[in-house]
file target26.cif (mmCIF, C-alpha atoms)
data_upload
#
loop_
_atom_site.label_atom_id
_atom_site.label_comp_id
_atom_site.auth_asym_id
_atom_site.auth_seq_id
_atom_site.Cartn_x
_atom_site.Cartn_y
_atom_site.Cartn_z
CA MET A 584 79.93 90.66 134.11
CA SER A 585 78.23 91.82 130.89
CA GLU A 586 79.80 94.60 128.85
CA PRO A 587 78.21 98.04 129.18
CA GLN A 588 77.14 99.76 125.92
CA GLN A 589 78.87 103.05 126.71
CA LYS A 590 82.58 102.44 127.10
CA PRO A 591 83.40 103.84 130.52
CA ILE A 592 87.14 104.36 130.03
CA GLY A 593 88.93 106.59 127.56
CA MET A 594 92.53 105.73 126.69
CA ILE A 595 94.56 108.64 125.30
CA VAL A 596 96.92 107.18 122.69
CA ASN A 597 99.29 108.44 120.02
CA GLY A 598 99.06 105.60 117.52
CA VAL A 599 101.44 103.22 119.28
CA TRP A 600 100.61 99.58 118.59
CA SER A 601 100.70 98.26 122.14
CA HIS A 602 97.99 100.72 123.24
CA TYR A 603 95.89 99.61 120.30
CA ALA A 604 96.47 95.94 121.14
CA VAL A 605 95.00 96.32 124.63
CA ALA A 606 92.03 98.48 123.64
CA THR A 607 91.02 96.14 120.79
CA ALA A 608 91.54 92.89 122.72
CA PRO A 609 88.22 91.05 123.21
CA LYS A 610 88.36 91.24 127.00
CA TYR A 611 88.86 95.03 127.07
CA ARG A 612 87.27 96.42 123.90
CA GLY A 613 83.83 96.80 125.47
CA LEU A 614 85.30 98.86 128.29
CA ILE A 615 88.00 101.02 126.69
CA GLU A 616 87.60 103.62 123.94
CA LEU A 617 90.67 104.91 122.14
CA ILE A 618 91.10 108.70 122.10
CA TYR A 619 93.73 109.67 119.53
CA VAL A 620 95.96 112.26 121.15
CA HIS A 621 95.55 114.73 118.30
CA ASP A 622 91.76 114.51 118.69
CA LEU A 623 91.88 115.12 122.45
CA GLY A 624 90.71 118.72 122.10
CA GLY A 625 87.39 117.60 120.63
CA ALA A 626 86.86 114.58 122.86
CA ARG A 627 83.82 114.67 125.12
CA LEU A 628 85.59 113.49 128.24
CA GLU A 629 82.48 113.79 130.39
CA ARG A 630 81.27 110.51 128.84
CA PHE A 631 83.92 108.58 130.75
CA ALA A 632 84.31 107.48 134.34
CA GLY A 633 88.07 107.17 133.97
CA LEU A 634 90.96 107.98 131.66
CA ILE A 635 94.20 106.12 131.04
CA VAL A 636 97.30 107.88 129.75
CA PRO A 637 99.70 105.04 128.91
CA PHE A 638 103.49 105.09 128.69
CA GLN A 639 104.95 105.91 125.24
CA ASN A 640 102.74 108.91 124.76
CA ASP A 641 103.08 112.35 123.21
CA HIS A 642 102.92 114.52 126.32
CA GLU A 643 103.71 117.63 124.32
CA ALA A 644 100.43 117.05 122.48
CA ILE A 645 98.55 116.34 125.72
CA ALA A 646 99.83 119.37 127.65
CA PRO A 647 97.64 121.99 125.87
CA HIS A 648 94.59 120.06 127.14
CA ARG A 649 95.70 120.11 130.77
CA ASP A 650 92.76 122.30 131.85
CA ALA A 651 90.24 119.85 130.33
CA LEU A 652 91.90 116.95 132.14
CA TYR A 653 91.91 118.77 135.48
CA ALA A 654 88.25 119.73 134.89
CA PHE A 655 87.58 116.01 134.39
CA LEU A 656 89.14 115.40 137.80
CA ALA A 657 87.15 118.26 139.34
CA ARG A 658 83.94 116.51 138.23
CA GLY A 659 85.04 113.44 140.19
CA GLY A 660 86.68 111.48 137.36
CA ARG A 661 89.66 109.18 137.73
CA ILE A 662 92.86 109.50 135.69
CA ALA A 663 95.76 107.03 135.66
CA VAL A 664 99.00 108.26 134.07
CA PHE A 665 101.82 105.80 133.44
CA GLY A 666 105.42 105.99 132.33
CA ASP A 667 107.59 109.01 131.83
CA SER A 668 107.78 112.75 131.31
CA ALA A 669 104.18 113.69 131.98
CA HIS A 670 105.20 117.29 132.60
CA TRP A 671 101.60 118.54 132.48
CA ILE A 672 100.77 117.06 135.90
CA ASP A 673 101.80 118.79 139.10
CA ALA A 674 104.84 116.63 139.78
CA VAL A 675 108.45 116.20 138.66
CA TRP A 676 109.64 113.05 136.85
CA GLU A 677 113.29 112.04 136.37
CA ASP A 678 114.79 109.37 134.17
CA ARG A 679 116.54 106.31 135.60
CA PRO A 680 118.12 103.24 133.96
CA VAL A 681 115.48 100.62 133.06
CA ASN A 682 116.08 97.12 134.44
CA ASN A 683 113.59 94.87 132.66
CA TYR A 684 115.62 91.71 133.15
CA TRP A 685 115.73 91.78 136.97
CA TRP A 686 113.54 88.69 137.17
CA ALA A 687 116.12 86.63 135.30
CA GLU A 688 119.09 87.79 137.37
CA GLN A 689 117.66 88.72 140.79
CA PRO A 690 114.08 87.42 140.94
CA ASP A 691 113.84 88.07 144.67
CA ARG A 692 114.72 91.77 144.28
CA PRO A 693 112.18 93.54 142.04
CA PRO A 694 112.95 97.18 141.19
CA VAL A 695 109.80 98.19 143.08
CA ALA A 696 110.51 97.34 146.73
CA TYR A 697 107.34 98.61 148.44
CA THR A 698 103.69 98.53 147.40
CA ASP A 699 100.70 99.70 149.43
CA PHE A 700 98.47 96.66 148.96
CA SER A 701 95.65 98.36 150.88
CA HIS A 702 94.96 100.56 147.84
CA PRO A 703 92.14 99.19 145.63
CA LEU A 704 94.42 99.09 142.59
CA PHE A 705 96.82 96.72 144.29
CA GLU A 706 94.47 94.92 146.66
CA GLY A 707 94.46 91.18 145.94
CA LEU A 708 97.52 91.30 143.70
CA SER A 709 100.67 89.38 144.53
CA GLU A 710 103.99 91.22 144.72
CA ARG A 711 104.96 89.72 141.35
CA GLN A 712 101.71 90.93 139.78
CA ALA A 713 102.14 94.46 141.15
CA CYS A 714 105.85 95.00 140.61
CA TRP A 715 108.00 94.92 137.49
CA HIS A 716 110.43 97.37 135.93
CA HIS A 717 109.79 101.12 135.92
CA HIS A 718 110.66 104.05 133.69
CA GLY A 719 112.13 106.70 135.96
CA VAL A 720 110.87 108.04 139.28
CA TYR A 721 108.97 111.00 140.67
CA THR A 722 111.21 113.40 142.60
CA ARG A 723 108.36 115.71 143.55
CA ILE A 724 104.68 114.86 144.02
CA PRO A 725 101.72 117.05 145.04
CA ASP A 726 101.41 118.04 148.70
CA GLY A 727 99.42 115.41 150.57
CA ALA A 728 99.69 112.79 147.81
CA ARG A 729 99.77 109.18 148.98
CA VAL A 730 102.83 107.19 147.95
CA LEU A 731 101.69 103.77 146.69
CA GLN A 732 104.98 102.34 145.47
CA HIS A 733 108.65 103.15 145.93
CA THR A 734 112.08 101.68 145.29
CA GLU A 735 114.42 100.23 147.87
CA SER A 736 116.06 103.65 148.19
CA GLY A 737 112.68 105.35 148.65
CA GLU A 738 112.30 106.90 145.21
CA VAL A 739 108.62 107.29 144.33
CA ILE A 740 107.22 104.99 141.62
CA CYS A 741 103.48 105.45 142.08
CA TRP A 742 101.33 107.98 143.92
CA GLU A 743 97.74 109.14 144.13
CA THR A 744 96.02 112.35 145.10
CA GLN A 745 92.41 113.44 145.50
CA ALA A 746 93.37 117.10 145.80
CA TYR A 747 91.77 117.96 142.46
CA GLY A 748 88.35 116.45 143.18
CA GLY A 749 88.58 113.00 141.63
CA HIS A 750 91.48 110.58 141.75
CA LEU A 751 94.76 111.27 139.96
CA LEU A 752 97.11 108.28 140.03
CA ALA A 753 100.55 108.44 138.44
CA GLY A 754 103.08 105.64 138.15
CA THR A 755 106.25 105.01 136.22
CA GLN A 756 105.53 101.37 135.50
CA ASP A 757 104.05 100.70 132.05
CA PRO A 758 101.10 98.28 132.41
CA ILE A 759 99.30 99.11 129.15
CA VAL A 760 102.40 99.01 126.94
CA GLU A 761 103.70 95.80 128.51
CA HIS A 762 100.30 94.13 128.43
CA GLY A 763 99.95 95.08 124.77
CA VAL A 764 103.40 93.75 123.99
CA GLN A 765 102.51 90.55 125.88
CA GLN A 766 106.05 89.96 127.10
CA ILE A 767 105.09 89.93 130.79
CA ALA A 768 102.76 86.99 131.28
CA HIS A 769 100.94 88.05 134.45
CA LEU A 770 99.67 91.54 133.60
CA ASP A 771 96.04 90.53 133.15
CA HIS A 772 95.79 90.77 136.94
CA PHE A 773 97.12 94.34 137.14
CA VAL A 774 95.25 95.69 134.10
CA ASP A 775 91.99 94.04 135.15
CA SER A 776 92.42 95.67 138.55
CA LEU A 777 93.18 99.03 136.91
CA VAL A 778 90.06 98.85 134.74
CA THR A 779 87.96 97.94 137.78
CA TRP A 780 89.41 100.81 139.81
CA LEU A 781 88.73 103.29 137.01
CA CYS A 782 85.16 102.35 136.15
CA GLY A 783 83.77 99.70 138.50
CA HIS A 784 83.46 97.04 135.78
CA ARG A 785 85.76 94.01 136.05
CA PRO A 786 86.84 92.51 132.71
CA THR A 787 86.17 88.84 132.07
CA PRO A 788 88.91 86.94 133.91
CA GLY A 789 91.56 85.12 131.94
CA LYS A 790 94.41 85.72 129.57
CA MET A 791 94.14 88.55 127.06
CA THR A 792 93.63 87.28 123.52
CA ILE A 793 94.25 89.09 120.25
CA ASP A 794 91.59 89.69 117.59
CA ARG A 795 93.53 89.45 114.33
CA GLU A 796 90.61 91.05 112.48
CA ALA A 797 91.37 94.32 114.30
CA TYR A 798 94.66 94.63 112.41
CA GLY A 799 95.16 96.03 108.92
CA ARG A 800 92.25 98.41 109.27
CA PRO A 801 92.30 102.21 108.98
CA PHE A 802 91.96 103.93 112.33
CA ARG A 803 88.84 106.06 112.33
CA ARG A 804 89.59 109.46 113.84
CA ALA A 805 86.99 111.62 115.53
CA ASP A 806 84.99 113.78 113.12
CA MET B 1236 125.95 111.17 102.40
CA LEU B 1237 122.72 109.36 103.27
CA ASN B 1238 119.83 111.65 104.18
CA VAL B 1239 117.56 110.00 106.71
CA ALA B 1240 114.16 111.19 107.91
CA LEU B 1241 113.67 109.88 111.44
CA ILE B 1242 110.01 109.78 112.43
CA ASP B 1243 109.46 111.34 115.87
CA SER B 1244 106.08 110.61 117.46
CA GLY B 1245 106.88 112.56 120.63
CA VAL B 1246 107.78 109.49 122.71
CA TYR B 1247 110.51 110.33 125.23
CA GLY B 1248 113.94 108.89 124.50
CA THR B 1249 113.22 107.35 121.10
CA MET B 1250 115.65 109.55 119.18
CA GLN B 1251 118.66 108.66 121.37
CA TYR B 1252 119.16 105.37 119.52
CA PHE B 1253 120.19 107.12 116.31
CA ALA B 1254 123.51 108.93 115.94
CA GLU B 1255 124.84 110.99 113.05
CA THR B 1256 128.05 109.96 111.35
CA PRO B 1257 130.02 111.55 108.50
CA GLU B 1258 128.06 109.27 106.18
CA VAL B 1259 124.57 109.55 107.71
CA ARG B 1260 122.63 112.76 108.34
CA TYR B 1261 119.40 112.52 110.32
CA ARG B 1262 116.48 114.91 109.95
CA ILE B 1263 113.88 114.70 112.70
CA GLU B 1264 110.39 114.53 111.19
CA ARG B 1265 108.06 115.33 114.08
CA ILE B 1266 104.49 114.08 113.83
CA ARG B 1267 101.88 116.68 114.78
CA ASN B 1268 98.19 117.05 114.11
CA HIS B 1269 97.45 117.16 110.36
CA TRP B 1270 101.06 116.20 109.64
CA GLN B 1271 102.16 116.71 106.04
CA PRO B 1272 105.73 115.45 105.68
CA ASP B 1273 107.94 116.14 102.69
CA PHE B 1274 110.30 113.23 102.00
CA SER B 1275 111.52 114.56 98.66
CA ALA B 1276 115.07 115.17 99.90
CA ASP B 1277 115.37 111.94 101.88
CA ASP B 1278 117.01 108.65 100.93
CA LEU B 1279 115.79 106.65 103.92
CA VAL B 1280 112.77 107.01 106.20
CA VAL B 1281 113.19 105.32 109.59
CA VAL B 1282 110.11 104.52 111.71
CA PRO B 1283 111.38 103.56 115.17
CA ASN B 1284 109.59 101.51 117.78
CA GLY B 1285 106.89 103.54 119.51
CA ALA B 1286 105.67 105.25 116.34
CA ASP B 1287 102.28 106.74 115.51
CA HIS B 1288 100.63 104.44 112.97
CA VAL B 1289 97.48 106.54 112.82
CA ALA B 1290 99.48 109.47 111.43
CA LEU B 1291 101.54 107.20 109.18
CA TYR B 1292 98.35 105.81 107.65
CA GLU B 1293 97.18 109.36 106.93
CA VAL B 1294 100.40 110.10 104.98
CA ARG B 1295 100.56 106.73 103.19
CA GLY B 1296 100.39 108.54 99.85
CA SER B 1297 103.57 110.49 100.63
CA ILE B 1298 105.27 107.28 101.72
CA ARG B 1299 104.23 105.55 98.50
CA THR B 1300 105.55 108.46 96.41
CA PHE B 1301 108.84 108.34 98.31
CA LEU B 1302 109.18 104.60 97.70
CA ASP B 1303 108.26 104.84 94.03
CA ARG B 1304 111.11 107.23 93.38
CA GLY B 1305 113.51 104.62 94.80
CA GLY B 1306 113.60 105.51 98.48
CA THR B 1307 114.11 103.06 101.33
CA LEU B 1308 111.62 102.68 104.16
CA ALA B 1309 112.72 100.99 107.40
CA CYS B 1310 109.92 100.35 109.88
CA PHE B 1311 110.81 98.83 113.25
CA CYS B 1312 107.39 99.03 114.87
CA GLY B 1313 104.07 97.20 114.78
CA PHE B 1314 102.31 98.74 111.74
CA PHE B 1315 98.74 97.89 112.72
CA THR B 1316 97.20 100.24 110.14
CA PRO B 1317 97.56 99.46 106.41
CA TRP B 1318 100.14 102.02 105.32
CA ILE B 1319 103.08 99.87 104.10
CA PRO B 1320 102.50 98.62 100.55
CA GLY B 1321 102.32 94.85 100.26
CA ASN B 1322 102.89 94.15 103.93
CA GLN B 1323 100.78 94.15 107.10
CA TRP B 1324 101.78 93.58 110.70
CA VAL B 1325 99.44 91.54 112.91
CA HIS B 1326 99.83 90.96 116.62
CA ASP B 1327 100.00 87.36 117.85
CA ASN B 1328 100.48 86.15 121.42
CA ARG B 1329 99.66 82.47 120.93
CA GLN B 1330 103.20 81.14 121.33
CA PRO B 1331 105.24 81.30 124.54
CA LEU B 1332 108.21 83.64 124.19
CA LYS B 1333 110.59 81.17 125.79
CA ALA B 1334 109.99 78.84 122.81
CA VAL B 1335 110.63 81.45 120.11
CA ARG B 1336 113.73 81.22 117.91
CA TYR B 1337 114.54 83.20 114.76
CA ARG B 1338 116.09 81.84 111.57
CA ALA B 1339 117.16 83.27 108.22
CA ARG B 1340 115.18 82.66 105.04
CA SER B 1341 116.65 84.56 102.07
CA ASP B 1342 119.04 87.49 102.09
CA PRO B 1343 119.84 88.77 98.59
CA LEU B 1344 120.78 92.22 99.94
CA GLY B 1345 123.24 90.90 102.51
CA LEU B 1346 121.41 92.45 105.44
CA LEU B 1347 122.33 89.56 107.71
CA GLU B 1348 126.06 89.61 106.91
CA GLY B 1349 127.99 89.49 110.17
CA VAL B 1350 124.80 89.25 112.24
CA ASP B 1351 124.64 86.49 114.85
CA ILE B 1352 120.96 85.59 114.79
CA ASP B 1353 121.18 84.18 118.30
CA GLN B 1354 121.92 87.74 119.41
CA LEU B 1355 118.48 88.68 118.12
CA THR B 1356 116.79 85.61 119.59
CA PHE B 1357 118.36 86.10 123.01
CA GLU B 1358 118.56 89.89 122.76
CA SER B 1359 118.00 90.64 126.42
CA HIS B 1360 120.28 88.92 128.91
CA GLY B 1361 119.70 85.46 127.50
CA ILE B 1362 115.91 85.81 127.51
CA SER B 1363 114.37 84.65 124.24
CA GLY B 1364 111.56 86.13 122.20
CA TRP B 1365 111.85 89.75 123.28
CA TRP B 1366 113.08 91.24 120.04
CA ALA B 1367 109.95 90.92 117.93
CA CYS B 1368 106.19 90.61 118.47
CA GLY B 1369 103.49 89.33 116.16
CA GLU B 1370 104.16 88.67 112.49
CA ILE B 1371 104.17 90.27 109.06
CA ILE B 1372 101.68 89.14 106.44
CA THR B 1373 103.45 89.81 103.15
CA ASP B 1374 102.25 89.69 99.55
CA HIS B 1375 105.75 88.63 98.51
CA PRO B 1376 107.09 85.52 100.28
CA ASP B 1377 110.41 85.88 98.43
CA SER B 1378 111.07 89.01 100.46
CA VAL B 1379 111.14 87.19 103.80
CA LEU B 1380 114.48 87.72 105.52
CA LEU B 1381 113.75 86.28 108.97
CA GLU B 1382 111.08 83.98 110.31
CA ASP B 1383 110.57 82.28 113.64
CA ASN B 1384 110.32 78.59 114.44
CA PHE B 1385 106.52 78.83 114.21
CA GLY B 1386 106.79 79.98 110.58
CA ARG B 1387 105.82 83.55 111.34
CA VAL B 1388 107.46 86.27 109.25
CA ILE B 1389 109.65 88.45 111.46
CA MET B 1390 111.46 90.64 108.92
CA VAL B 1391 111.08 91.46 105.22
CA ALA B 1392 113.25 93.23 102.64
CA ASP B 1393 110.75 93.91 99.87
CA THR B 1394 111.82 95.29 96.47
CA THR B 1395 108.68 94.11 94.69
CA SER B 1396 105.75 96.02 96.16
CA THR B 1397 107.15 99.40 95.08
CA LEU B 1398 110.07 100.78 93.07
CA GLY B 1399 111.98 101.28 96.32
CA LEU B 1400 113.07 99.07 99.21
CA ILE B 1401 110.84 98.26 102.17
CA ILE B 1402 112.56 96.84 105.23
CA ALA B 1403 110.19 96.00 108.06
CA THR B 1404 110.43 94.05 111.30
CA ALA B 1405 107.61 92.57 113.33
CA SER B 1406 108.16 95.46 115.76
CA GLY B 1407 111.75 94.38 116.52
CA PRO B 1408 113.56 97.64 117.34
CA LEU B 1409 116.79 98.52 115.56
CA GLY B 1410 119.16 101.43 115.88
CA ASP B 1411 122.75 102.56 116.28
CA PRO B 1412 125.01 100.93 118.89
CA ASP B 1413 123.78 101.25 122.44
CA PRO B 1414 126.67 100.88 124.89
CA SER B 1415 124.32 99.44 127.51
CA ALA B 1416 122.90 96.79 125.18
CA PRO B 1417 123.84 93.22 126.07
CA SER B 1418 124.67 92.37 122.46
CA GLN B 1419 125.56 94.22 119.28
CA GLY B 1420 123.53 92.04 116.90
CA ILE B 1421 120.87 94.72 116.60
CA ALA B 1422 123.36 97.46 115.81
CA LYS B 1423 125.08 95.33 113.17
CA LEU B 1424 121.76 94.65 111.45
CA TYR B 1425 120.94 98.35 111.48
CA ARG B 1426 124.33 99.24 109.97
CA ASN B 1427 123.67 96.75 107.19
CA ILE B 1428 120.34 98.48 106.52
CA ILE B 1429 122.15 101.82 106.26
CA ARG B 1430 124.53 100.22 103.78
CA ALA B 1431 121.64 98.82 101.71
CA ALA B 1432 119.89 102.19 101.70
CA THR B 1433 123.09 103.79 100.45
CA ALA B 1434 123.56 101.31 97.60
CA PRO B 1435 121.90 101.86 94.21
CA LYS B 1436 118.48 100.22 94.04
CA GLU B 1437 117.66 97.26 91.85
CA SER B 1438 113.90 96.88 91.95
CA SER B 1439 112.23 93.62 91.07
CA HIS B 1440 109.86 95.55 88.84
CA VAL B 1441 110.28 95.14 85.09
#
call {"tool": "encode", "arguments": {"input": "target26.cif", "output": "structure tokens"}}
result
Amino acid sequence: MSEPQQKPIGMIVNGVWSHYAVATAPKYRGLIELIYVHDLGGARLERFAGLIVPFQNDHEAIAPHRDALYAFLARGGRIAVFGDSAHWIDAVWEDRPVNNYWWAEQPDRPPVAYTDFSHPLFEGLSERQACWHHHGVYTRIPDGARVLQHTESGEVICWETQAYGGHLLAGTQDPIVEHGVQQIAHLDHFVDSLVTWLCGHRPTPGKMTIDREAYGRPFRRAD
Amino acid sequence: MLNVALIDSGVYGTMQYFAETPEVRYRIERIRNHWQPDFSADDLVVVPNGADHVALYEVRGSIRTFLDRGGTLACFCGFFTPWIPGNQWVHDNRQPLKAVRYRARSDPLGLLEGVDIDQLTFESHGISGWWACGEIITDHPDSVLLEDNFGRVIMVADTTSTLGLIIATASGPLGDPDPSAPSQGIAKLYRNIIRAATAPKESSHV
């Protein structure tokens, strides 16, 4: 599929390198625009079909813009929030120990025990492609929200609601950070599916490559 | 007493890997919009993994001033913007992690004393290649402390680019002892950095 001129996805980032690595990778850079978290107040969110809020973010800096993000949902937009402590959404997150070596010690028992593979984000993915470690759990989610992933003990890992107009999906896995770090080899499948779910454009299949020319450059903030 | 500015980018949990001791006092330097840090009272600036390299680029002048009065900068994160004098981090995913091994190059400051490099290579439960990502392109090859078996620079201790000391990893995180960590190689390396930051500086500048 050819790349659209207007990037359909905004990724809210706070200058962490793994976010930058994904958004500047050749297979994603035509689809994802970086929104520096301290420029969020001036961002024209209506340009985007979907927003990603990756793990390792500055949620204290995002929280003052909660109304703009919920207005984006009210217009039918899609937002995917990953990782921890996103206290500005209508849910409660709690920390848990992170087991990111489960696959070496108990490869048949991933920390995420259940996934709803009928959801478009997970449809077509294998269990291995959909499940890896997580950063905490949700102990309260909005009324009527659909649980998409949970642990063996039933603690919520990923959920989605359409109660605000568009689609708000929140999960405590960290697909953008881990894909940027490139230490989990299979995440092209999940991130490609995420991009497709957010904007309807599927990235070119294949392994994410790095454009070395994107490094060592000043980051241009919004005017 | 070593006065340390610990850069806080608002990422949950990052600060828990640094603990005060009678010899080390941490000052949290929180990044906010239009951040204007003052490092004039600090001996060491620590940039942990998960740091904001957009903001750090904007204050590169303050960092340079701090280094040129003899300060020590320790950056344990992928510095994708050009804010560290003489050194640039670049991502690289071309080699399989299971094939990555680290090895020492030169260590005039003794930063690797007592450090089992295999504990860095196999940092997580015997899994190799997880400690560092990408590589550092340095103007000063003599400053290379660690490289990997593909010849990529993993860690530098640079006393040439400025009048201070720049210690940088290719995003390999370092910090105080973590009781849940499978090995203590990382903590030992961090303690050696604290020791080097405490010692009087001998810059390569003449």
call {"tool": "atom_distance", "arguments": {"input": "target26.cif", "atom1": "atom CA of A:His702", "atom2": "atom CA of A:Ala626"}}
result
29.8 Å
call {"tool": "atom_distance", "arguments": {"input": "target26.cif", "atom1": "atom CA of B:Asp1327", "atom2": "atom CA of A:Tyr619"}}
result
23.2 Å
call {"tool": "residues_around", "arguments": {"input": "target26.cif", "residues": "stretch 1423-1431 of chain B", "least_positions_apart": "6", "cutoff": "6 Å", "atoms": "all atoms listed in the file", "output": "VMD selection string"}}
result
chain B and resid 1346 1409 to 1410
call {"tool": "residues_around", "arguments": {"input": "target26.cif", "residues": "B:Ile1401", "least_positions_apart": "2", "cutoff": "7 Å", "atoms": "only C-alpha atoms", "output": "CSV table (one decimal) with C-alpha atoms, in the frame of the given file"}}
result
chain,number,residue,atom,x,y,z
B,1307,THR,CA,114.1,103.1,101.3
B,1308,LEU,CA,111.6,102.7,104.2
B,1309,ALA,CA,112.7,101.0,107.4
B,1392,ALA,CA,113.2,93.2,102.6
B,1393,ASP,CA,110.8,93.9,99.9
B,1394,THR,CA,111.8,95.3,96.5
B,1399,GLY,CA,112.0,101.3,96.3
B,1403,ALA,CA,110.2,96.0,108.1
call {"tool": "closest_atom_pairs", "arguments": {"input": "target26.cif", "of": "chain A", "to": "chain B", "cutoff": "9 Å", "atoms": "only C-alpha atoms", "output": "JSON lines"}}
result
{"residue": "A:Val596", "atom": "CA", "partner": "B:Asp1287", "partner_atom": "CA", "distance": 9.0}
{"residue": "A:Asn597", "atom": "CA", "partner": "B:Asp1287", "partner_atom": "CA", "distance": 5.7}
{"residue": "A:Gly598", "atom": "CA", "partner": "B:Asp1287", "partner_atom": "CA", "distance": 4.0}
{"residue": "A:Val599", "atom": "CA", "partner": "B:Asp1287", "partner_atom": "CA", "distance": 5.2}
{"residue": "A:Trp600", "atom": "CA", "partner": "B:Gly1313", "partner_atom": "CA", "distance": 5.7}
{"residue": "A:Ser601", "atom": "CA", "partner": "B:Gly1313", "partner_atom": "CA", "distance": 8.2}
{"residue": "A:Tyr603", "atom": "CA", "partner": "B:Phe1315", "partner_atom": "CA", "distance": 8.3}
{"residue": "A:Ala604", "atom": "CA", "partner": "B:His1326", "partner_atom": "CA", "distance": 7.5}
{"residue": "A:Tyr619", "atom": "CA", "partner": "B:Val1289", "partner_atom": "CA", "distance": 8.3}
{"residue": "A:Val620", "atom": "CA", "partner": "B:Asn1268", "partner_atom": "CA", "distance": 8.8}
{"residue": "A:His621", "atom": "CA", "partner": "B:Asn1268", "partner_atom": "CA", "distance": 5.5}
{"residue": "A:Asp622", "atom": "CA", "partner": "B:Asn1268", "partner_atom": "CA", "distance": 8.3}
{"residue": "A:Phe638", "atom": "CA", "partner": "B:Val1246", "partner_atom": "CA", "distance": 8.6}
{"residue": "A:Gln639", "atom": "CA", "partner": "B:Val1246", "partner_atom": "CA", "distance": 5.2}
{"residue": "A:Asn640", "atom": "CA", "partner": "B:Val1246", "partner_atom": "CA", "distance": 5.5}
{"residue": "A:Asp641", "atom": "CA", "partner": "B:Gly1245", "partner_atom": "CA", "distance": 4.6}
{"residue": "A:His642", "atom": "CA", "partner": "B:Gly1245", "partner_atom": "CA", "distance": 7.2}
{"residue": "A:Glu643", "atom": "CA", "partner": "B:Gly1245", "partner_atom": "CA", "distance": 7.0}
{"residue": "A:Ala644", "atom": "CA", "partner": "B:Arg1267", "partner_atom": "CA", "distance": 7.8}
{"residue": "A:Asp667", "atom": "CA", "partner": "B:Tyr1247", "partner_atom": "CA", "distance": 7.3}
{"residue": "A:Ser668", "atom": "CA", "partner": "B:Tyr1247", "partner_atom": "CA", "distance": 7.1}
{"residue": "A:Asn683", "atom": "CA", "partner": "B:Ser1359", "partner_atom": "CA", "distance": 8.7}
{"residue": "A:Tyr684", "atom": "CA", "partner": "B:His1360", "partner_atom": "CA", "distance": 6.9}
{"residue": "A:Ala687", "atom": "CA", "partner": "B:Ile1362", "partner_atom": "CA", "distance": 7.8}
{"residue": "A:Glu688", "atom": "CA", "partner": "B:His1360", "partner_atom": "CA", "distance": 8.6}
{"residue": "A:Val764", "atom": "CA", "partner": "B:Cys1368", "partner_atom": "CA", "distance": 6.9}
{"residue": "A:Gln765", "atom": "CA", "partner": "B:Asn1328", "partner_atom": "CA", "distance": 6.6}
{"residue": "A:Gln766", "atom": "CA", "partner": "B:Trp1365", "partner_atom": "CA", "distance": 6.9}
{"residue": "A:Met791", "atom": "CA", "partner": "B:Asn1328", "partner_atom": "CA", "distance": 8.8}
{"residue": "A:Thr792", "atom": "CA", "partner": "B:Asn1328", "partner_atom": "CA", "distance": 7.3}
{"residue": "A:Ile793", "atom": "CA", "partner": "B:Asp1327", "partner_atom": "CA", "distance": 6.5}
{"residue": "A:Asp794", "atom": "CA", "partner": "B:His1326", "partner_atom": "CA", "distance": 8.4}
{"residue": "A:Arg795", "atom": "CA", "partner": "B:Val1325", "partner_atom": "CA", "distance": 6.4}
{"residue": "A:Glu796", "atom": "CA", "partner": "B:Val1325", "partner_atom": "CA", "distance": 8.9}
{"residue": "A:Ala797", "atom": "CA", "partner": "B:Phe1315", "partner_atom": "CA", "distance": 8.3}
{"residue": "A:Tyr798", "atom": "CA", "partner": "B:Phe1315", "partner_atom": "CA", "distance": 5.2}
{"residue": "A:Gly799", "atom": "CA", "partner": "B:Thr1316", "partner_atom": "CA", "distance": 4.8}
{"residue": "A:Arg800", "atom": "CA", "partner": "B:Thr1316", "partner_atom": "CA", "distance": 5.3}
{"residue": "A:Pro801", "atom": "CA", "partner": "B:Thr1316", "partner_atom": "CA", "distance": 5.4}
{"residue": "A:Phe802", "atom": "CA", "partner": "B:Val1289", "partner_atom": "CA", "distance": 6.1}
{"residue": "A:Arg803", "atom": "CA", "partner": "B:Val1289", "partner_atom": "CA", "distance": 8.7}
{"residue": "A:Arg804", "atom": "CA", "partner": "B:Val1289", "partner_atom": "CA", "distance": 8.5}
call {"tool": "resolve_selection", "arguments": {"input": "target26.cif", "expression": "the PyMOL selection byres ((chain B and resi 1259) around 12)", "output": "tab-separated table (two decimals) with C-alpha atoms, in the coordinates of the input"}}
result
chain	number	residue	atom	x	y	z
B	1236	MET	CA	125.95	111.17	102.40
B	1237	LEU	CA	122.72	109.36	103.27
B	1238	ASN	CA	119.83	111.65	104.18
B	1239	VAL	CA	117.56	110.00	106.71
B	1240	ALA	CA	114.16	111.19	107.91
B	1241	LEU	CA	113.67	109.88	111.44
B	1253	PHE	CA	120.19	107.12	116.31
B	1254	ALA	CA	123.51	108.93	115.94
B	1255	GLU	CA	124.84	110.99	113.05
B	1256	THR	CA	128.05	109.96	111.35
B	1257	PRO	CA	130.02	111.55	108.50
B	1258	GLU	CA	128.06	109.27	106.18
B	1260	ARG	CA	122.63	112.76	108.34
B	1261	TYR	CA	119.40	112.52	110.32
B	1262	ARG	CA	116.48	114.91	109.95
B	1277	ASP	CA	115.37	111.94	101.88
B	1278	ASP	CA	117.01	108.65	100.93
B	1279	LEU	CA	115.79	106.65	103.92
B	1411	ASP	CA	122.75	102.56	116.28
B	1426	ARG	CA	124.33	99.24	109.97
B	1428	ILE	CA	120.34	98.48	106.52
B	1429	ILE	CA	122.15	101.82	106.26
B	1430	ARG	CA	124.53	100.22	103.78
B	1432	ALA	CA	119.89	102.19	101.70
B	1433	THR	CA	123.09	103.79	100.45
